[in-house]
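Dumped work20.pdb below, it's PDB, C-alpha atoms:
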ATOM      1  CA  MET A  13      11.606   3.091  22.736  1.00  0.00           C
ATOM      2  CA  LEU A  14      11.204   2.002  19.112  1.00  0.00           C
ATOM      3  CA  VAL A  15      10.083  -1.500  18.139  1.00  0.00           C
ATOM      4  CA  HIS A  16       9.618  -3.549  14.978  1.00  0.00           C
ATOM      5  CA  LEU A  17       6.671  -5.906  14.917  1.00  0.00           C
ATOM      6  CA  LEU A  18       6.302  -8.382  12.051  1.00  0.00           C
ATOM      7  CA  TYR A  19       3.131 -10.404  11.666  1.00  0.00           C
ATOM      8  CA  ALA A  20       1.436 -12.539   9.058  1.00  0.00           C
ATOM      9  CA  SER A  21      -2.246 -13.185   8.467  1.00  0.00           C
ATOM     10  CA  ARG A  22      -4.602 -14.606   5.902  1.00  0.00           C
ATOM     11  CA  VAL A  23      -7.280 -12.576   4.170  1.00  0.00           C
ATOM     12  CA  SER A  24     -10.704 -13.438   5.495  1.00  0.00           C
ATOM     13  CA  PRO A  25     -13.009 -14.764   2.736  1.00  0.00           C
ATOM     14  CA  SER A  26     -15.589 -12.194   3.855  1.00  0.00           C
ATOM     15  CA  ALA A  27     -13.134  -9.288   3.447  1.00  0.00           C
ATOM     16  CA  GLY A  28     -13.990  -8.410  -0.142  1.00  0.00           C
ATOM     17  CA  GLY A  29     -11.755  -7.674  -3.092  1.00  0.00           C
ATOM     18  CA  GLU A  30     -10.375  -4.257  -2.157  1.00  0.00           C
ATOM     19  CA  ILE A  31      -8.873  -5.183   1.204  1.00  0.00           C
ATOM     20  CA  THR A  32      -5.293  -4.195   0.350  1.00  0.00           C
ATOM     21  CA  ASP A  33      -6.321  -0.757  -0.901  1.00  0.00           C
ATOM     22  CA  SER A  34      -8.515  -0.295   2.169  1.00  0.00           C
ATOM     23  CA  ILE A  35      -5.729  -1.237   4.580  1.00  0.00           C
ATOM     24  CA  LEU A  36      -3.199   0.973   2.802  1.00  0.00           C
ATOM     25  CA  GLN A  37      -5.567   3.956   2.726  1.00  0.00           C
ATOM     26  CA  GLN A  38      -6.458   3.542   6.391  1.00  0.00           C
ATOM     27  CA  SER A  39      -2.786   3.122   7.366  1.00  0.00           C
ATOM     28  CA  ARG A  40      -1.616   6.153   5.438  1.00  0.00           C
ATOM     29  CA  LEU A  41      -4.262   8.307   7.118  1.00  0.00           C
ATOM     30  CA  LYS A  42      -3.806   7.113  10.711  1.00  0.00           C
ATOM     31  CA  ASN A  43      -0.167   6.071  11.024  1.00  0.00           C
ATOM     32  CA  PRO A  44       1.461   9.525  10.821  1.00  0.00           C
ATOM     33  CA  ARG A  45      -0.328  10.786  13.917  1.00  0.00           C
ATOM     34  CA  LEU A  46       0.555   7.555  15.763  1.00  0.00           C
ATOM     35  CA  GLY A  47       4.211   7.761  14.720  1.00  0.00           C
ATOM     36  CA  ILE A  48       3.967   4.391  12.986  1.00  0.00           C
ATOM     37  CA  THR A  49       5.774   3.478   9.781  1.00  0.00           C
ATOM     38  CA  GLY A  50       6.090   0.172   7.991  1.00  0.00           C
ATOM     39  CA  VAL A  51       5.441  -1.955   4.961  1.00  0.00           C
ATOM     40  CA  LEU A  52       2.693  -4.318   3.804  1.00  0.00           C
ATOM     41  CA  CYS A  53       3.250  -7.309   1.518  1.00  0.00           C
ATOM     42  CA  GLN A  54       0.482  -9.355  -0.004  1.00  0.00           C
ATOM     43  CA  GLY A  55       0.822 -12.550  -1.966  1.00  0.00           C
ATOM     44  CA  GLY A  56      -2.382 -14.419  -2.747  1.00  0.00           C
ATOM     45  CA  ASP A  57      -4.406 -14.557   0.447  1.00  0.00           C
ATOM     46  CA  VAL A  58      -1.393 -13.926   2.703  1.00  0.00           C
ATOM     47  CA  PHE A  59      -0.446 -10.627   4.310  1.00  0.00           C
ATOM     48  CA  MET A  60       2.879  -9.901   5.920  1.00  0.00           C
ATOM     49  CA  GLN A  61       3.309  -6.535   7.567  1.00  0.00           C
ATOM     50  CA  VAL A  62       5.968  -4.741   9.573  1.00  0.00           C
ATOM     51  CA  LEU A  63       4.858  -2.054  11.985  1.00  0.00           C
ATOM     52  CA  GLU A  64       7.468   0.150  13.595  1.00  0.00           C
ATOM     53  CA  GLY A  65       7.271   2.995  16.059  1.00  0.00           C
ATOM     54  CA  GLY A  66       6.824   3.468  19.772  1.00  0.00           C
ATOM     55  CA  ARG A  67       6.130   0.324  21.773  1.00  0.00           C
ATOM     56  CA  ALA A  68       2.659   1.314  23.023  1.00  0.00           C
ATOM     57  CA  PRO A  69       1.233   2.548  19.675  1.00  0.00           C
ATOM     58  CA  VAL A  70       2.620  -0.451  17.760  1.00  0.00           C
ATOM     59  CA  ASN A  71       1.240  -2.897  20.317  1.00  0.00           C
ATOM     60  CA  GLU A  72      -2.160  -1.184  20.287  1.00  0.00           C
ATOM     61  CA  LEU A  73      -2.304  -1.257  16.484  1.00  0.00           C
ATOM     62  CA  TYR A  74      -1.321  -4.924  16.405  1.00  0.00           C
ATOM     63  CA  ASN A  75      -4.094  -5.742  18.891  1.00  0.00           C
ATOM     64  CA  THR A  76      -6.550  -3.879  16.633  1.00  0.00           C
ATOM     65  CA  ILE A  77      -5.372  -5.949  13.647  1.00  0.00           C
ATOM     66  CA  VAL A  78      -5.797  -9.193  15.601  1.00  0.00           C
ATOM     67  CA  ARG A  79      -9.463  -8.249  16.191  1.00  0.00           C
ATOM     68  CA  ASP A  80     -10.019  -7.001  12.595  1.00  0.00           C
ATOM     69  CA  PRO A  81     -12.446  -9.361  10.808  1.00  0.00           C
ATOM     70  CA  ARG A  82     -10.572  -8.842   7.515  1.00  0.00           C
ATOM     71  CA  HIS A  83      -7.685 -10.905   8.948  1.00  0.00           C
ATOM     72  CA  GLU A  84      -7.592 -14.567   9.954  1.00  0.00           C
ATOM     73  CA  GLN A  85      -4.823 -16.659  11.497  1.00  0.00           C
ATOM     74  CA  VAL A  86      -2.887 -13.601  12.678  1.00  0.00           C
ATOM     75  CA  LEU A  87       0.547 -14.758  13.799  1.00  0.00           C
ATOM     76  CA  LEU A  88       3.294 -12.692  15.441  1.00  0.00           C
ATOM     77  CA  LEU A  89       6.530 -13.572  13.613  1.00  0.00           C
ATOM     78  CA  HIS A  90       9.090 -11.190  15.072  1.00  0.00           C
ATOM     79  CA  TYR A  91       9.186  -8.471  17.722  1.00  0.00           C
ATOM     80  CA  GLN A  92      12.290  -6.470  18.500  1.00  0.00           C
ATOM     81  CA  GLU A  93      13.366  -3.291  20.254  1.00  0.00           C
ATOM     82  CA  VAL A  94      15.426  -1.237  17.796  1.00  0.00           C
ATOM     83  CA  SER A  95      17.548   1.892  17.835  1.00  0.00           C
ATOM     84  CA  GLU A  96      16.331   3.147  14.443  1.00  0.00           C
ATOM     85  CA  ARG A  97      13.568   2.625  11.900  1.00  0.00           C
ATOM     86  CA  ARG A  98      14.014   0.576   8.731  1.00  0.00           C
ATOM     87  CA  PHE A  99      10.939   2.037   7.014  1.00  0.00           C
ATOM     88  CA  ALA A 100      11.085   5.691   8.082  1.00  0.00           C
ATOM     89  CA  SER A 101      10.159   6.885   4.577  1.00  0.00           C
ATOM     90  CA  TRP A 102       6.865   4.992   4.497  1.00  0.00           C
ATOM     91  CA  THR A 103       3.664   5.741   6.416  1.00  0.00           C
ATOM     92  CA  MET A 104       2.840   2.339   4.951  1.00  0.00           C
ATOM     93  CA  GLY A 105       4.872   1.050   2.041  1.00  0.00           C
ATOM     94  CA  HIS A 106       3.442  -1.611  -0.226  1.00  0.00           C
ATOM     95  CA  VAL A 107       5.167  -4.480  -1.987  1.00  0.00           C
ATOM     96  CA  ARG A 108       3.500  -5.743  -5.137  1.00  0.00           C
ATOM     97  CA  LEU A 109       4.737  -9.308  -5.140  1.00  0.00           C
ATOM     98  CA  ASP A 110       3.348  -9.854  -8.627  1.00  0.00           C
ATOM     99  CA  LYS A 111       5.971  -7.364  -9.872  1.00  0.00           C
ATOM    100  CA  ILE A 112       9.081  -8.853  -8.272  1.00  0.00           C
ATOM    101  CA  ASN A 113      11.372 -11.623  -9.433  1.00  0.00           C
ATOM    102  CA  PRO A 114      10.101 -14.926  -7.941  1.00  0.00           C
ATOM    103  CA  ALA A 115      13.729 -15.864  -7.254  1.00  0.00           C
ATOM    104  CA  LEU A 116      13.734 -13.336  -4.406  1.00  0.00           C
ATOM    105  CA  LEU A 117      10.910 -15.196  -2.680  1.00  0.00           C
ATOM    106  CA  LEU A 118      12.604 -18.523  -3.375  1.00  0.00           C
ATOM    107  CA  LYS A 119      15.801 -17.235  -1.788  1.00  0.00           C
ATOM    108  CA  TYR A 120      14.038 -17.026   1.582  1.00  0.00           C
ATOM    109  CA  SER A 121      11.535 -19.910   1.458  1.00  0.00           C
ATOM    110  CA  GLU A 122      10.882 -23.376   0.065  1.00  0.00           C
ATOM    111  CA  LYS A 123       8.706 -22.111  -2.792  1.00  0.00           C
ATOM    112  CA  ALA A 124       8.536 -18.903  -4.810  1.00  0.00           C
ATOM    113  CA  VAL A 125       5.449 -17.697  -2.932  1.00  0.00           C
ATOM    114  CA  LEU A 126       4.952 -15.536   0.130  1.00  0.00           C
ATOM    115  CA  ASP A 127       4.683 -17.977   3.029  1.00  0.00           C
ATOM    116  CA  PRO A 128       5.837 -16.266   6.219  1.00  0.00           C
ATOM    117  CA  PHE A 129       4.090 -18.959   8.267  1.00  0.00           C
ATOM    118  CA  SER A 130       6.790 -21.497   7.341  1.00  0.00           C
ATOM    119  CA  VAL A 131      10.004 -19.456   7.660  1.00  0.00           C
ATOM    120  CA  PRO A 132      11.713 -17.769  10.609  1.00  0.00           C
ATOM    121  CA  GLY A 133      10.759 -14.157  11.239  1.00  0.00           C
ATOM    122  CA  GLU A 134      14.375 -13.142  10.672  1.00  0.00           C
ATOM    123  CA  ALA A 135      14.201 -14.569   7.122  1.00  0.00           C
ATOM    124  CA  SER A 136      11.093 -12.491   6.396  1.00  0.00           C
ATOM    125  CA  MET A 137      12.824  -9.369   7.738  1.00  0.00           C
ATOM    126  CA  ALA A 138      15.872 -10.122   5.563  1.00  0.00           C
ATOM    127  CA  MET A 139      13.608 -10.425   2.528  1.00  0.00           C
ATOM    128  CA  LEU A 140      12.043  -7.042   3.347  1.00  0.00           C
ATOM    129  CA  ASP A 141      15.508  -5.495   3.691  1.00  0.00           C
ATOM    130  CA  GLU A 142      16.365  -6.822   0.243  1.00  0.00           C
ATOM    131  CA  LEU A 143      13.120  -5.417  -1.155  1.00  0.00           C
ATOM    132  CA  ILE A 144      14.115  -2.007   0.202  1.00  0.00           C
ATOM    133  CA  ALA A 145      17.610  -2.306  -1.287  1.00  0.00           C
ATOM    134  CA  THR A 146      16.181  -3.179  -4.712  1.00  0.00           C
ATOM    135  CA  ALA A 147      13.532  -0.424  -4.599  1.00  0.00           C
ATOM    136  CA  GLN A 148      10.600  -2.827  -4.710  1.00  0.00           C
ATOM    137  CA  ILE A 149       8.576  -0.970  -2.070  1.00  0.00           C
ATOM    138  CA  ILE A 150       6.136   1.645  -3.341  1.00  0.00           C
ATOM    139  CA  GLY A 151       4.056   4.264  -1.609  1.00  0.00           C
ATOM    140  CA  ARG A 152       6.611   6.510   0.074  1.00  0.00           C
ATOM    141  CA  ALA A 153       5.275   9.146   2.408  1.00  0.00           C
ATOM    142  CA  GLY A 154       5.036  12.532   0.761  1.00  0.00           C
TER     143      GLY A 154
END
Take the structure I supplied and represent it as structure tokens, if you would.
Amino acid sequence: MLVHLLYASRVSPSAGGEITDSILQQSRLKNPRLGITGVLCQGGDVFMQVLEGGRAPVNELYNTIVRDPRHEQVLLLHYQEVSERRFASWTMGHVRLDKINPALLLKYSEKAVLDPFSVPGEASMAMLDELIATAQIIGRAG
């Protein structure tokens, strides 16, 4: 049984400056053996991440993230059983929001900033689908 799990969190002030690189490196090392794929977005101090894979491994990883001191205010935005992966090409893709057109963010929220805390989870998933369609996700699995 495959699932998509979408969550948002804020970067902990104690996390340090290289948190995104650390999370991406750790994800790209561990996720293949867990059968987990997904994508990570960061805008300012906000993370939004989709994890997809088997129900048990995704749930376990999410619980690890909730306890990770690098994250604060972890909020589950969307959870769904699915028949296929959206991010099968990425052990953990990465969206550099500083490189995309702000109009894309504005299309899905009140302001041209990443704020998944104030929009429905479905809107955040739609934004990620559009990012895939416009080739804005980097870090494909080799």
Any chance you could resolve the PyMOL selection byres ((chain A and resi 16) around 12) against this file and give the residues as a PyMOL selection string?
chain A and resi 13-15+17-19+48-51+61-71+74+88-100+133-134+137
I'd like to know which of A:Leu73, A:Asp80, A:Ala135, A:Cys53 is closest to Ile112 of chain A, using all atoms listed in the file.
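Looking at the shortest contact to Ile112 of chain A, the residue is A:Cys53.
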Pick the closest to Ser101 of chain A from A:Ile35, A:Ile144, A:Val131, A:Ala138: which is it, counting only C-alpha atoms?
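Answer, going by the shortest atom-to-atom distance: A:Ile144.
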Using the chain letters and residue numbers of this document, give as a list in words the residues selected by the PyMOL selection byres ((chain A and resi 26) around 12).
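This file, filtered by the PyMOL selection byres ((chain A and resi 26) around 12), leaves Arg22, Val23, Ser24, Pro25, Ala27, Gly28, Gly29, Glu30, Ile31, Asp57, Asp80, Pro81, Arg82, His83 and Glu84 of chain A.
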Determine the residue membership of the PyMOL selection byres ((chain A and resi 124-128) around 8) for the file above and supply it as number ranges by chain.
A: 20, 54-56, 58, 60, 89, 114-118, 121-123, 129-133, 136
In Å to one decimal, how far is atom CA of His106 of chain A from atom CA of Asn43 of chain A?
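Taking atom CA of Asn43 of chain A and atom CA of His106 of chain A, their separation equals 14.1 Å.
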Any idea what the distance is between atom CA of Leu41 of chain A and atom CA of Glu142 of chain A?
26.5 Å
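When only C-alpha atoms are used to measure the gap to Trp102 of chain A, the shortest distance among A:Gln85, A:Thr76, A:Asp141, A:Pro44 belongs to A:Pro44.
With distances taken over all atoms listed in the file, A:Leu52 is the one residue among A:Ala145, A:Met139, A:Val78, A:Leu52 lying closest to Val107 of chain A.
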Report, in Å with one decimal, the straight-line distance from atom CA of Ser39 of chain A to atom CA of Met104 of chain A.
6.2 Å
Could you check which of A:Glu72, A:Tyr120, A:Thr103, A:Phe59 is closest to Lys42 of chain A, using only C-alpha atoms?
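Closest to Lys42 of chain A, using only C-alpha atoms: A:Thr103.
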